[in-house]
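Below: one structure, written as structure tokens.
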Amino acid sequence: MSELHKTLETVTDNIRRRSRDFRTSYLRRIDAVLEKGPVRKSLGCTNQAHAFAAFPATDKKILLEMQKPNIAIISAYNDMLSAHQPFQHYPDMIKQAALEAGAVAQFAGGVPAMCDGVTQGQPGMELSLFSRDTIALSTAIALAHNTFDAALYLGVCDKIVPGLLMGALAFGHLPALFVPAGPMTSGLPNDEKARIRTLFAEGKVGREELLAAESKSYHGAGTCTFYGTANSNQMLMEIMGLHLPGAAFINPNTPLRDALTRATAKRAAAITALGNEFTPVGKMIDERSLVNAIVGLLATGGSTNHTLHIVAIARVAGIRISWDDFHDLSEVVPLLTRIYPNGHADVNQFHAAGGMGFLIRELIHAGLLHADVNTVAGPGLERYSEEPWLDNSTLAWRAAPAQSGDLNILQTMQQPFSRHGGLNLLTGNLGRAVIKLSAVKPEHHRIQAPAIVFEDQDDVMTAFQNGELERDFIAVVRNQGPRANGMPELHKLTPPLAVLQNRGFHVALVTDGRMSGASGKVPAAIHLTPESIAGGPISRIQTGDEILIDAEQGILQLMVDPFEFDQRIPHQAELAHNHWGMGRELFDGFRKHTTGAEQGAMSILIDEPEAPAEVSHKQPKVRVD
């Protein structure tokens with residue numbers, strides 16, 4: 001095993017130190033549950049009778065004997081989401097495989113599944129981030145029946161996998177295995193899709209042409225093939241050891257996909273407390289697993305949404321992650337992939353070039369992953385440098401390719417696309433933000449320009465359509481944070497800003513909101529915290545103020561006299577229209593109680609031991625005197 005990179009060790013030690021009391025409390029709660037033995041033994045006869053009243057006699061007999069596992073199925077199935085449509089037939093497949101392993105599987109509960117592609121730019125997008133915590137709560141309700149020995153989680157897309165994992169970690173005494181559905185087959189090339197979107201933004205093609213292109217891109221069952229949040233989720237589940245090795249990017253409705261699903265059910269039966277390989281998820285996922293997740297995100301140029309989700313996931317497990325950890329690791333983790341929007345290829349091409357097995361082996365050999373973690377496949381991450389295949393219809397694993405099948409998609413540690421990861425932390429007198437660099441050309445990494453302040457993304461679109469943005473500027477779109485309106489993605493801004501950038505203007509975005517995991521061509525300082533509604537400095541920016549964004553140096557600075565700036569009254573936005581309609585009134589409590597972006601934008605309040613104050617060592621690099 002390669003020696004760990006010093007920075008990897010340091011970051012992990014920092015996380016472990018700052019999390020010590022919180023993590024200890026979490027693990028004690030797990031141990032308190034485990035001391036009682038298999039959970040079903042604590043149920044009364046009436047409780048048990050209710051739990052399997054509708055099940056076949058053979059299943060009831062297994063459950064009554066309490067010698068074999070009962071596996072929960074938690075599913076985000078709905079047939080509107082292409083990525084989740086394949087899950088329709090998974091429960092029957094899983095139940096049969098469980099019986100073959102001498103176990104029983106029960107469909108314990110469903111969780112909501114929202115498609116950000118459908119809600120993008122619509123009022124429903126303001127519920128998207130909160131759906132993550134709703135999914136965690138829904139998972140908890142399903143598992144609260146307390147009659148299960150392990151759980152299988154069926155989910156793929158943006159907030160769904162993080163929410164499921166948060167729910168799973170709240171039941172950390174149970175083994176947890178994630179069951180992917182796989183990406184749809186490749187459709188219209190991503191570059192062509194982007195070209196049509198740009199033409200539509202410029203008014204050069206109509207809605208009919210746009211819809212035809214989008215329909216050719218998103219054309220069948222499976223995950224969208226660009227490398228956004230959904231496919232970043234699948235990468236994370238793999239590199240954290242929550243999938244079976246190589247399961248992430250096998251297409252739906254194929255013999256190999258079905259074989260992996262059945263094998264996952266059988267593996268769940270093998271790692272419960274009733275067997276000899278007990279692997280409770282709360283003990284399996286630790287500081288090392290979460291550092292591995294951040295490394296994978298950086299090495300692949302993954303979704304910026306995970307600067308929120310990884311923090312939230314960690315917190316449920318009693319672990320404190322900060323954006324400084326992302327920054328420190330980004331300094332040493334190279335960018336090894338080029339997958340759209342960071343390149344031309346889709347995830348199917350990435351998988352064909354060597355995929356996750358090749359990537360994980362490269363990172364392990366460079367000392368940039370903790371290879372000694374535990375996984376659902378057993379001890380050690382080395383197993384995840386293998387890929388699944390069918391040997392005469394029998395599921396087997398073999399070493400991932402020794403060489404990349406396409407060096408334009410998947411590179412080696414010796415010749416990475418960039419020596420640094422795909423994300424960076426920005427600090428300065430406006431607060432702290434993150435920026436995705438993997439898709440931004442180097443000539444756009446630094447921009448200084450006057451601000452144009454907007455209170456809504458639709459106002460940006462109107463100004464663009466009216467020809468008012470034909471100049472160098474930085475769009476400041478505020479009151480888009482979690483407390484203001486649920487922190488919707490502002491992905492609809494990508495085409496017009498990209499058009500202006502292509503015309504030679506220097507443009508960028510500063511916002512306390514989010515961007516899509518699929519965006520990145522235009523420099524965007526996002527997740528700015530403190531947010532505007534909380535009195536963050538962004539609330540006092542005025543149109544015409546000079547702003548400096550230097551992604552290489554990690555600077556986000558307002559070039560205004562500090563005394564003058566301090567005298568300004570924070571802008572008070574009228575947000576009532578964001579709090580009613582399309583169900584938004586039901587989430588008022590979420591908005592009021594959610595944490596800031598760097599704290600995971602969590603509306604779930606989790607008590608923890610009081611921690612000593614920790615001052616970030618990432619201080620602003622520019623001062624205005």
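Residue names in the structure tokens use chain letters A, B, ... in the order shown, residue numbers from 1 in each chain, and ligand numbers from 1 in the order shown.
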
What are the closest atom pairs, with distances in Å to one decimal, for each residue of segment 326-421 of chain A lying within 9 Å of segment 246-268 of chain A, using only C-alpha atoms, rows by chain and rising residue number, as JSON lines?
{"residue": "A:Val347", "atom": "CA", "partner": "A:Phe249", "partner_atom": "CA", "distance": 7.3}
{"residue": "A:Asn348", "atom": "CA", "partner": "A:Phe249", "partner_atom": "CA", "distance": 7.1}
{"residue": "A:His351", "atom": "CA", "partner": "A:Phe249", "partner_atom": "CA", "distance": 6.5}
{"residue": "A:Gly355", "atom": "CA", "partner": "A:Phe249", "partner_atom": "CA", "distance": 8.2}
{"residue": "A:Met356", "atom": "CA", "partner": "A:Gly246", "partner_atom": "CA", "distance": 6.6}
{"residue": "A:Gly357", "atom": "CA", "partner": "A:Gly246", "partner_atom": "CA", "distance": 6.6}
{"residue": "A:Val376", "atom": "CA", "partner": "A:Arg267", "partner_atom": "CA", "distance": 7.8}
{"residue": "A:Ala377", "atom": "CA", "partner": "A:Arg267", "partner_atom": "CA", "distance": 7.7}
{"residue": "A:Tyr384", "atom": "CA", "partner": "A:Gly246", "partner_atom": "CA", "distance": 6.6}
{"residue": "A:Ser385", "atom": "CA", "partner": "A:Gly246", "partner_atom": "CA", "distance": 8.0}
{"residue": "A:Glu386", "atom": "CA", "partner": "A:Gly246", "partner_atom": "CA", "distance": 6.7}
{"residue": "A:Glu387", "atom": "CA", "partner": "A:Gly246", "partner_atom": "CA", "distance": 4.8}
{"residue": "A:Pro388", "atom": "CA", "partner": "A:Gly246", "partner_atom": "CA", "distance": 5.9}
{"residue": "A:Trp389", "atom": "CA", "partner": "A:Leu256", "partner_atom": "CA", "distance": 6.7}
{"residue": "A:Leu390", "atom": "CA", "partner": "A:Leu256", "partner_atom": "CA", "distance": 6.5}
{"residue": "A:Ser393", "atom": "CA", "partner": "A:Pro255", "partner_atom": "CA", "distance": 8.1}
{"residue": "A:Thr394", "atom": "CA", "partner": "A:Ala259", "partner_atom": "CA", "distance": 8.1}
{"residue": "A:Leu395", "atom": "CA", "partner": "A:Ala259", "partner_atom": "CA", "distance": 6.4}
{"residue": "A:Trp397", "atom": "CA", "partner": "A:Gly246", "partner_atom": "CA", "distance": 8.7}

Worksheet item: Near Ser603 of chain A, counting only C-alpha atoms, which residues have an atom at most 8 Å away, once you skip same-chain residues fewer than 4 positions from it, shown as number ranges by chain?
Response: A: 130, 133, 590-591, 593-595

Ala151 of chain A: which residues within 10 Å, counting only C-alpha atoms, same-chain residues fewer than 5 positions away excluded, as a tab-separated table (two decimals) with C-alpha atoms, in the first residue's frame?
chain	number	residue	atom	x	y	z
A	70	ASN	CA	-34.81	-8.93	7.37
A	71	ILE	CA	-33.67	-6.35	4.80
A	72	ALA	CA	-35.41	-3.02	4.33
A	73	ILE	CA	-35.88	-1.59	0.85
A	74	ILE	CA	-36.04	2.22	0.79
A	105	ALA	CA	-36.60	-8.27	2.09
A	106	GLN	CA	-39.49	-5.90	2.73
A	107	PHE	CA	-40.36	-2.67	0.95
A	108	ALA	CA	-40.06	-0.46	4.02
A	143	LEU	CA	-36.70	2.55	9.39
A	168	ALA	CA	-29.04	5.77	6.74
A	171	PHE	CA	-29.66	4.47	11.76
A	174	LEU	CA	-27.68	-1.03	10.39
A	175	PRO	CA	-25.60	-1.97	7.35
A	176	ALA	CA	-26.44	0.23	4.36
A	177	LEU	CA	-25.91	-0.62	0.70
A	178	PHE	CA	-26.77	1.72	-2.16
A	265	ALA	CA	-29.23	-7.91	-1.94
A	268	ALA	CA	-26.73	-7.13	2.48
A	269	ALA	CA	-27.81	-10.44	4.01
A	272	THR	CA	-25.83	-8.00	9.18
A	281	VAL	CA	-22.79	1.95	8.25

Discussion item. List the spatial neighbours of segment 540-546 of chain A as a list in words - criterion: any atom at most 7 Å away, only C-alpha atoms, same-chain residues fewer than 2 positions off excluded.
Written reply: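 In the requested form, the answer reads Gln448, Ala449, Pro450, Ala451, Ile452, Val453, Pro537, Ile538, Leu548, Leu558, Met559, Val560, Arg568, Ile569, Pro570 and His571 of chain A.
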
Grab the residues selected above and save them as a CSV table (one decimal), in the first residue's frame with N, CA and C atoms.
chain,number,residue,atom,x,y,z
A,448,GLN,N,-11.9,41.3,-12.8
A,448,GLN,CA,-12.2,42.5,-12.0
A,448,GLN,C,-13.1,43.3,-12.9
A,449,ALA,N,-14.3,43.6,-12.4
A,449,ALA,CA,-15.3,44.3,-13.2
A,449,ALA,C,-16.4,44.9,-12.3
A,450,PRO,N,-17.1,45.9,-12.8
A,450,PRO,CA,-18.2,46.5,-12.0
A,450,PRO,C,-19.4,45.5,-11.8
A,451,ALA,N,-20.0,45.6,-10.7
A,451,ALA,CA,-21.1,44.8,-10.4
A,451,ALA,C,-22.4,45.3,-11.0
A,452,ILE,N,-23.3,44.4,-11.4
A,452,ILE,CA,-24.7,44.7,-11.7
A,452,ILE,C,-25.5,43.9,-10.8
A,453,VAL,N,-26.3,44.5,-9.9
A,453,VAL,CA,-27.0,43.8,-8.8
A,453,VAL,C,-28.4,43.4,-9.3
A,537,PRO,N,-22.4,40.6,3.7
A,537,PRO,CA,-22.0,41.8,2.9
A,537,PRO,C,-22.6,41.9,1.5
A,538,ILE,N,-23.0,40.8,0.9
A,538,ILE,CA,-23.6,40.9,-0.4
A,538,ILE,C,-24.9,41.7,-0.4
A,548,LEU,N,-13.4,41.9,-7.4
A,548,LEU,CA,-12.3,41.1,-7.9
A,548,LEU,C,-12.6,39.6,-7.6
A,558,LEU,N,-14.5,43.0,-2.6
A,558,LEU,CA,-15.2,44.2,-3.1
A,558,LEU,C,-14.2,45.3,-3.0
A,559,MET,N,-14.0,46.0,-4.1
A,559,MET,CA,-13.0,47.1,-4.1
A,559,MET,C,-13.7,48.4,-3.8
A,560,VAL,N,-14.2,48.5,-2.6
A,560,VAL,CA,-14.9,49.7,-2.1
A,560,VAL,C,-14.3,50.2,-0.8
A,568,ARG,N,-23.3,51.8,4.6
A,568,ARG,CA,-24.5,51.4,3.8
A,568,ARG,C,-25.5,50.6,4.6
A,569,ILE,N,-26.7,50.7,4.3
A,569,ILE,CA,-27.8,50.0,4.9
A,569,ILE,C,-28.1,48.7,4.1
A,570,PRO,N,-28.0,47.6,4.7
A,570,PRO,CA,-28.3,46.3,4.0
A,570,PRO,C,-29.6,46.4,3.2
A,571,HIS,N,-29.6,45.9,2.0
A,571,HIS,CA,-30.9,45.8,1.2
A,571,HIS,C,-31.8,44.8,1.8

Discussion item. When DSSP is applied to the backbone of this structure, which of segment 120-303 of chain A are assigned strand (DSSP E or B)? Write them out as a PyMOL selection string.
Written reply: chain A and resi 150-154+176-179+183+223

Practice prompt. Could you check how far atom CA of Ile160 of chain A sits from atom CA of Ile135 of chain A, in Å to one decimal?
Written response: 6.7 Å

Worksheet entry | Distance of atom CA of Lys283 of chain A from atom CA of Ala170 of chain A, expressed in Å to one decimal place |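 Computing it gives 11.6 Å between the two atoms.
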
Worksheet entry | Asn305 of chain A surroundings by only C-alpha atoms, 8 Å radius, close-in-sequence under 3 positions cut, as a VMD selection string | chain A and resid 229 308 to 309 514 to 517

Distance query Thr307 of chain A at most 8 Å, only C-alpha atoms, self and fewer than 3 positions along chain excluded, as a compact mmCIF listing (two decimals) with C-alpha atoms, in the first residue's frame:
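File written: result_6.txt
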# COMPACT_ATOMS: atom_id res chain seq x y z
CA THR A 304 -20.36 21.99 -6.47
CA ILE A 310 -20.78 16.19 2.10
CA VAL A 311 -20.84 18.64 5.01
CA TRP A 323 -14.70 24.25 3.21
CA PHE A 326 -12.00 21.00 0.36
CA GLU A 598 -20.81 26.14 4.69
CA GLY A 600 -24.45 22.19 4.87

Discussion item. Need the shell around segment 488-499 of chain A: protein/DNA/RNA residues with any atom at most 9 Å away, counting only C-alpha atoms. Skip same-chain ones fewer than 5 positions apart. Format as a PyMOL selection string?
Written reply: chain A and resi 116+120-121+123-129+194+197-202+457-458+460-461+464-465+480-482+507-509+513-522

Item to complete: Please report, as number ranges by chain, each residue of segment 64-199 of chain A to which DSSP assigns alpha helix (DSSP H) when run on this structure's backbone.
Response: A: 64-65, 90-100, 116-119, 128-143, 160-170, 190-199

Worksheet item: Using only C-alpha atoms, which of A:Glu192, A:Asp324, A:Asp588, A:Asp391 sits nearest Leu575 of chain A?
Response: A:Asp588
